[in-house]
>>> print(open('structure_9.txt').read())   # compact mmCIF, C-alpha atoms
# COMPACT_ATOMS: atom_id res chain seq x y z
CA MET A 1 22.13 -4.94 48.54
CA PHE A 2 18.56 -4.76 47.30
CA THR A 3 18.21 -5.60 43.63
CA THR A 4 14.98 -5.86 41.69
CA SER A 5 14.88 -8.71 39.22
CA ALA A 6 12.12 -9.11 36.69
CA GLN A 7 12.03 -12.83 37.29
CA LEU A 8 9.41 -15.23 36.13
CA ILE A 9 9.06 -16.83 39.54
CA ASP A 10 5.89 -14.83 40.23
CA LEU A 11 4.35 -16.15 37.03
CA THR A 12 5.21 -19.82 37.63
CA ASP A 13 2.24 -22.22 37.77
CA LYS A 14 0.00 -19.45 36.45
CA LYS A 15 -2.05 -19.47 33.26
CA LEU A 16 -0.25 -17.17 30.85
CA MET A 17 -0.61 -15.74 27.37
CA ILE A 18 2.71 -15.92 25.52
CA ALA A 19 3.22 -13.76 22.43
CA LEU A 20 5.95 -15.10 20.13
CA ARG A 21 8.02 -13.28 17.53
CA ASP A 22 6.36 -15.14 14.65
CA GLY A 23 2.95 -13.79 15.67
CA ARG A 24 1.74 -16.90 17.45
CA LYS A 25 -0.17 -16.66 20.72
CA LEU A 26 0.11 -19.56 23.14
CA ILE A 27 -1.94 -19.96 26.30
CA GLY A 28 -0.59 -22.35 28.91
CA VAL A 29 0.58 -22.92 32.45
CA LEU A 30 4.19 -21.89 33.02
CA ARG A 31 6.04 -24.73 34.71
CA ALA A 32 9.73 -23.86 34.17
CA TRP A 33 11.92 -21.07 32.88
CA ASP A 34 15.51 -19.83 32.91
CA GLN A 35 17.46 -16.56 32.70
CA VAL A 36 17.15 -16.34 28.90
CA SER A 37 13.37 -16.89 29.06
CA ASN A 38 13.36 -20.45 27.76
CA LEU A 39 9.93 -21.70 28.90
CA VAL A 40 8.13 -24.94 29.64
CA LEU A 41 4.37 -24.64 29.20
CA GLN A 42 1.81 -27.25 30.11
CA SER A 43 -1.73 -27.73 28.77
CA THR A 44 -0.80 -25.34 26.00
CA VAL A 45 -3.35 -24.10 23.52
CA GLU A 46 -2.47 -22.13 20.42
CA ARG A 47 -5.11 -19.42 19.95
CA LEU A 48 -5.66 -18.00 16.48
CA TYR A 49 -7.37 -14.60 16.20
CA CYS A 50 -8.93 -13.14 13.07
CA ASN A 51 -11.60 -10.50 12.42
CA GLY A 52 -13.48 -10.67 15.73
CA MET A 53 -13.27 -14.44 16.11
CA TYR A 54 -10.81 -16.91 17.58
CA CYS A 55 -10.18 -20.64 17.80
CA ASP A 56 -8.06 -22.87 20.01
CA ILE A 57 -5.75 -25.68 18.94
CA PRO A 58 -4.63 -27.93 21.81
CA ARG A 59 -0.87 -28.43 21.75
CA GLY A 60 0.12 -30.20 24.99
CA VAL A 61 3.55 -29.48 26.48
CA PHE A 62 5.74 -26.88 24.82
CA ILE A 63 9.39 -25.95 25.34
CA VAL A 64 9.85 -22.47 23.91
CA ARG A 65 13.33 -21.13 23.15
CA GLY A 66 13.70 -17.77 24.88
CA GLU A 67 14.78 -15.75 21.86
CA ASN A 68 11.33 -16.25 20.31
CA VAL A 69 9.45 -14.76 23.25
CA LEU A 70 7.99 -11.25 22.94
CA LEU A 71 6.06 -11.11 26.18
CA LEU A 72 4.25 -13.13 28.82
CA GLY A 73 0.91 -11.87 30.13
CA GLU A 74 -0.81 -13.14 33.24
CA ILE A 75 -4.38 -14.04 32.32
CA ASP A 76 -6.96 -12.57 34.67
CA LEU A 77 -9.33 -15.50 35.12
CA ASP A 78 -12.28 -13.15 35.77
CA ARG A 79 -11.71 -11.06 32.64
CA GLU A 80 -11.05 -14.20 30.58
CA ASP A 81 -14.75 -15.08 30.37
CA GLU A 82 -15.66 -11.64 29.05
CA ILE A 83 -13.61 -11.62 25.85
CA PRO A 84 -15.66 -9.74 23.23
CA LEU A 85 -14.78 -12.26 20.52
CA ARG A 86 -16.68 -15.16 18.99
CA GLN A 87 -15.21 -18.64 19.22
CA ALA A 88 -15.28 -20.36 15.82
CA SER A 89 -14.03 -23.59 14.26
CA VAL A 90 -10.36 -24.05 13.42
CA GLN A 91 -11.15 -24.35 9.72
CA GLU A 92 -13.06 -21.07 9.62
CA VAL A 93 -10.44 -19.04 11.46
CA PHE A 94 -7.54 -20.69 9.64
CA ALA A 95 -9.04 -19.92 6.20
CA GLU A 96 -9.76 -16.31 7.19
CA GLN A 97 -6.24 -15.91 8.60
CA ARG A 98 -4.64 -17.28 5.45
CA ARG A 99 -6.51 -14.76 3.32
CA GLU A 100 -5.54 -11.86 5.58
CA LYS A 101 -1.90 -12.97 5.70
CA ALA A 102 -1.66 -13.26 1.90
CA ALA A 103 -3.02 -9.72 1.48
CA GLU A 104 -0.69 -8.45 4.21
CA GLU A 105 2.33 -10.14 2.62
CA ARG A 106 1.63 -8.57 -0.77
CA LYS A 107 1.52 -5.14 0.84
CA GLU A 108 4.72 -5.80 2.80
CA LYS A 109 6.58 -6.84 -0.35
CA ILE A 110 5.72 -3.60 -2.15
CA TYR A 111 6.57 -1.56 0.94
CA ARG A 112 9.97 -3.20 1.37
CA LYS A 113 10.77 -2.80 -2.33
CA LYS A 114 10.06 0.92 -2.14
CA LEU A 115 12.22 1.32 0.95
CA ARG A 116 15.09 -0.53 -0.63
CA ARG A 117 14.90 1.68 -3.70
CA LEU A 118 15.23 4.67 -1.39
CA GLY A 119 18.33 3.15 0.14
CA PHE A 120 16.89 1.63 3.35
CA GLU A 121 18.19 -1.84 4.06
CA ASP A 122 16.12 -4.61 5.64
CA GLU A 123 16.38 -4.57 9.43
CA GLY A 124 16.49 -8.34 9.73
CA GLU A 125 13.56 -10.62 10.42
CA PRO A 126 10.45 -8.51 11.09
CA LEU A 127 8.49 -9.24 14.26
CA HIS A 128 4.81 -10.00 13.99
CA MET B 129 24.61 -1.58 34.56
CA LEU B 130 23.85 2.09 34.07
CA PHE B 131 20.44 1.66 32.46
CA PHE B 132 19.57 -1.13 34.89
CA SER B 133 20.19 1.36 37.73
CA PHE B 134 18.33 4.06 35.84
CA PHE B 135 15.23 1.91 35.40
CA LYS B 136 15.34 0.90 39.05
CA THR B 137 14.78 4.57 39.92
CA LEU B 138 11.65 4.50 37.75
CA VAL B 139 9.91 1.64 39.59
CA ASP B 140 6.25 2.52 40.34
CA HIS B 141 6.21 5.15 37.59
CA GLU B 142 3.88 4.86 34.64
CA VAL B 143 5.74 4.16 31.39
CA THR B 144 4.85 3.11 27.87
CA ILE B 145 6.90 0.33 26.33
CA GLU B 146 7.04 0.27 22.54
CA LEU B 147 8.02 -3.14 21.21
CA LYS B 148 9.82 -3.88 17.95
CA ASN B 149 6.57 -5.27 16.51
CA ASP B 150 4.98 -1.81 17.05
CA LEU B 151 2.88 -2.93 20.02
CA LYS B 152 2.70 -0.19 22.67
CA ILE B 153 1.83 -1.04 26.26
CA THR B 154 1.31 1.48 29.07
CA GLY B 155 1.65 0.32 32.66
CA ILE B 156 3.29 0.77 36.04
CA LEU B 157 6.92 -0.34 35.99
CA LYS B 158 7.21 -2.94 38.71
CA SER B 159 10.61 -4.47 38.11
CA VAL B 160 13.58 -4.60 35.81
CA ASP B 161 16.62 -6.87 35.59
CA GLN B 162 20.13 -6.93 34.15
CA PHE B 163 18.82 -7.85 30.67
CA LEU B 164 16.40 -4.91 30.93
CA ASN B 165 13.49 -7.37 30.96
CA ILE B 166 10.52 -5.38 32.26
CA LYS B 167 7.48 -6.21 34.35
CA LEU B 168 4.47 -3.92 34.06
CA ASP B 169 1.31 -3.97 36.18
CA GLU B 170 -2.17 -2.67 35.34
CA ILE B 171 -1.47 -2.49 31.65
CA ARG B 172 -3.41 -0.64 28.99
CA VAL B 173 -2.68 -1.48 25.37
CA VAL B 174 -2.56 1.40 22.87
CA GLU B 175 -4.97 0.55 20.02
CA GLU B 176 -6.30 -2.39 22.05
CA GLY B 177 -8.78 -3.38 19.33
CA LYS B 178 -5.81 -4.38 17.22
CA TYR B 179 -4.50 -6.71 19.92
CA PRO B 180 -7.38 -8.85 21.18
CA HIS B 181 -5.03 -11.37 22.75
CA LEU B 182 -4.22 -8.95 25.58
CA SER B 183 -7.79 -8.11 26.59
CA ALA B 184 -7.78 -10.42 29.63
CA VAL B 185 -4.21 -9.60 30.70
CA LYS B 186 -3.40 -7.23 33.56
CA ASN B 187 0.33 -7.78 34.16
CA VAL B 188 3.06 -8.51 31.65
CA PHE B 189 6.67 -9.59 31.57
CA ILE B 190 8.40 -8.12 28.51
CA ARG B 191 11.66 -9.62 27.27
CA GLY B 192 14.29 -6.89 27.09
CA SER B 193 15.45 -7.89 23.61
CA VAL B 194 12.10 -6.97 22.01
CA VAL B 195 11.88 -3.43 23.36
CA ARG B 196 12.32 -0.58 20.89
CA TYR B 197 11.50 2.39 23.16
CA VAL B 198 10.62 3.09 26.74
CA HIS B 199 8.52 6.27 26.83
CA LEU B 200 8.96 8.09 30.14
CA PRO B 201 7.48 11.14 31.84
CA ALA B 202 10.08 13.89 31.41
CA ASN B 203 9.71 15.08 35.00
CA ALA B 204 10.74 11.64 36.29
CA VAL B 205 14.22 11.96 34.83
CA ASP B 206 17.09 13.91 36.34
CA THR B 207 19.18 14.42 33.21
CA ALA B 208 22.08 16.02 35.11
CA LEU B 209 22.36 12.91 37.28
CA LEU B 210 22.22 10.71 34.19
CA GLU B 211 24.97 12.70 32.50
CA ASP B 212 27.21 12.38 35.57
CA ALA B 213 26.57 8.65 35.78
CA THR B 214 27.37 8.29 32.08
CA ARG B 215 30.64 10.14 32.46
CA ARG B 216 31.62 7.96 35.41
CA GLU B 217 30.68 4.79 33.53
CA ALA B 218 32.67 5.91 30.48
CA ALA B 219 35.67 6.65 32.70
CA ASN B 220 35.39 3.20 34.29
CA VAL B 221 35.22 1.50 30.92
CA ALA B 222 38.18 3.49 29.61
CA GLY B 223 40.13 2.65 32.77
CA LYS B 224 39.42 -1.07 32.45
CA ALA B 225 40.34 -1.11 28.76
CA ARG B 226 43.81 0.24 29.50
>>> encode(input="structure_9.txt", output="structure tokens")
Amino acid sequence: MFTTSAQLIDLTDKKLMIALRDGRKLIGVLRAWDQVSNLVLQSTVERLYCNGMYCDIPRGVFIVRGENVLLLGEIDLDREDEIPLRQASVQEVFAEQRREKAAEERKEKIYRKKLRRLGFEDEGEPLH
Amino acid sequence: MLFFSFFKTLVDHEVTIELKNDLKITGILKSVDQFLNIKLDEIRVVEEGKYPHLSAVKNVFIRGSVVRYVHLPANAVDTALLEDATRREAANVAGKAR
């Protein structure tokens, strides 16, 4: 019987962009995986994006628990060099991100308060 | 099993997956599995300016647990067939429970 399976075998040993539930983006080479999407990434870099710039933090080998994975994207090595963003220092991007996140969090708090007053309950941990 | 079979009939159709973090990705459905994990080829991200991390990505694997909606072309779905399949599945489940 022919069954399609959305397995990660085709993505093994490829350079991937992993989006995690907490909003982090990791770029690394997929070395191992299992049915619940636990992943082993090599030469991993955490890429921070903010306001038209980005920075990379080298992280080494990562084991990612599957429940945290949003998606895996295969990086097109040709398109990779044409990203319309400016690479900046970690300090610059980190500071900018912190400011944006603080503003975002204040808005979220007010939003959630209003919803709760209207009778809507929290839907659990929000995804970023 | 029902929705797994249903999605298998939609392979090579263009769909838009809406994730629980509000990200919407349009692409060709290439494969699906029992967890309803989805592989899309030739993706286009809706509001791509908001998601710079996907600019160099052409194919994605989306974990089934993070999908909120799968937007489909209406003409790709035979609702009568779906209804029949649902009734059969419900009957099977009821039979097994007894």
>>> atom_distance(input="structure_9.txt", atom1="CA of Phe132 in chain B", atom2="CA of Asp34 in chain A")
19.2 Å
>>> closest_atom_pairs(input="structure_9.txt", of="range 7-114 of chain A", to="range 182-197 of chain B", cutoff="7 Å", atoms="all atoms listed in the file", output="Markdown table")
| residue | atom | partner | partner_atom | distance |
| --- | --- | --- | --- | --- |
| A:Val69 | CA | B:Arg191 | CA | 6.9 |
| A:Leu70 | CA | B:Arg191 | CA | 5.9 |
| A:Leu71 | CA | B:Ile190 | CA | 4.5 |
| A:Leu72 | CA | B:Phe189 | CA | 5.1 |
| A:Gly73 | CA | B:Val188 | CA | 4.3 |
| A:Glu74 | CA | B:Val185 | CA | 5.5 |
| A:Ile75 | CA | B:Val185 | CA | 4.7 |
| A:Asp76 | CA | B:Ala184 | CA | 5.5 |
| A:Arg79 | CA | B:Ala184 | CA | 5.0 |
| A:Glu80 | CA | B:Ala184 | CA | 5.1 |
| A:Ile83 | CA | B:Ser183 | CA | 6.8 |
>>> closest_residue(input="structure_9.txt", among="A:Phe62, A:Ser5, A:Lys15, A:Tyr49", to="Gln35 in chain A", atoms="all atoms listed in the file")
A:Ser5
>>> atom_distance(input="structure_9.txt", atom1="CA of Glu82 in chain A", atom2="CA of Asp22 in chain A")
26.5 Å
>>> closest_residue(input="structure_9.txt", among="A:Arg106, A:Lys113, A:Arg99, A:Arg21", to="chain B", atoms="only C-alpha atoms")
A:Arg21
>>> residues_around(input="structure_9.txt", residues="Asn38 in chain A", least_positions_apart="5", cutoff="7 Å", atoms="all atoms listed in the file", output="list in words")
Trp33, Val64, Arg65 and Gly66 of chain A
>>> atom_distance(input="structure_9.txt", atom1="CA of Glu105 in chain A", atom2="CA of Arg59 in chain A")
26.7 Å
>>> closest_residue(input="structure_9.txt", among="A:Thr12, A:Tyr111, A:Arg47, A:Gly28", to="chain B", atoms="all atoms listed in the file")
A:Arg47
>>> closest_residue(input="structure_9.txt", among="A:Lys101, A:His128, A:Arg24, A:Lys109", to="chain B", atoms="only C-alpha atoms")
A:His128
>>> closest_residue(input="structure_9.txt", among="A:Val90, A:Leu127, A:Leu39, A:Met53", to="chain B", atoms="only C-alpha atoms")
A:Leu127
>>> residues_around(input="structure_9.txt", residues="Gln97 in chain A", least_positions_apart="6", cutoff="10 Å", atoms="only C-alpha atoms", output="VMD selection string")
chain A and resid 48 to 51 91 103
>>> residues_near_point(input="structure_9.txt", point="(18.4, 0.9, 37.4)", cutoff="10 Å", atoms="all atoms listed in the file", output="list in words")
Thr3 and Thr4 of chain A; Met129, Leu130, Phe131, Phe132, Ser133, Phe134, Phe135, Lys136, Thr137, Leu138, Val139, Ser159, Val160, Asp161, Gln162 and Leu164 of chain B
>>> residues_around(input="structure_9.txt", residues="range 140-143 of chain B", least_positions_apart="2", cutoff="8 Å", atoms="all atoms listed in the file", output="CSV table (one decimal) with C-alpha atoms, in the coordinates of the input")
chain,number,residue,atom,x,y,z
B,138,LEU,CA,11.6,4.5,37.8
B,145,ILE,CA,6.9,0.3,26.3
B,154,THR,CA,1.3,1.5,29.1
B,155,GLY,CA,1.6,0.3,32.7
B,156,ILE,CA,3.3,0.8,36.0
B,157,LEU,CA,6.9,-0.3,36.0
B,158,LYS,CA,7.2,-2.9,38.7
B,198,VAL,CA,10.6,3.1,26.7
B,199,HIS,CA,8.5,6.3,26.8
B,200,LEU,CA,9.0,8.1,30.1
B,201,PRO,CA,7.5,11.1,31.8
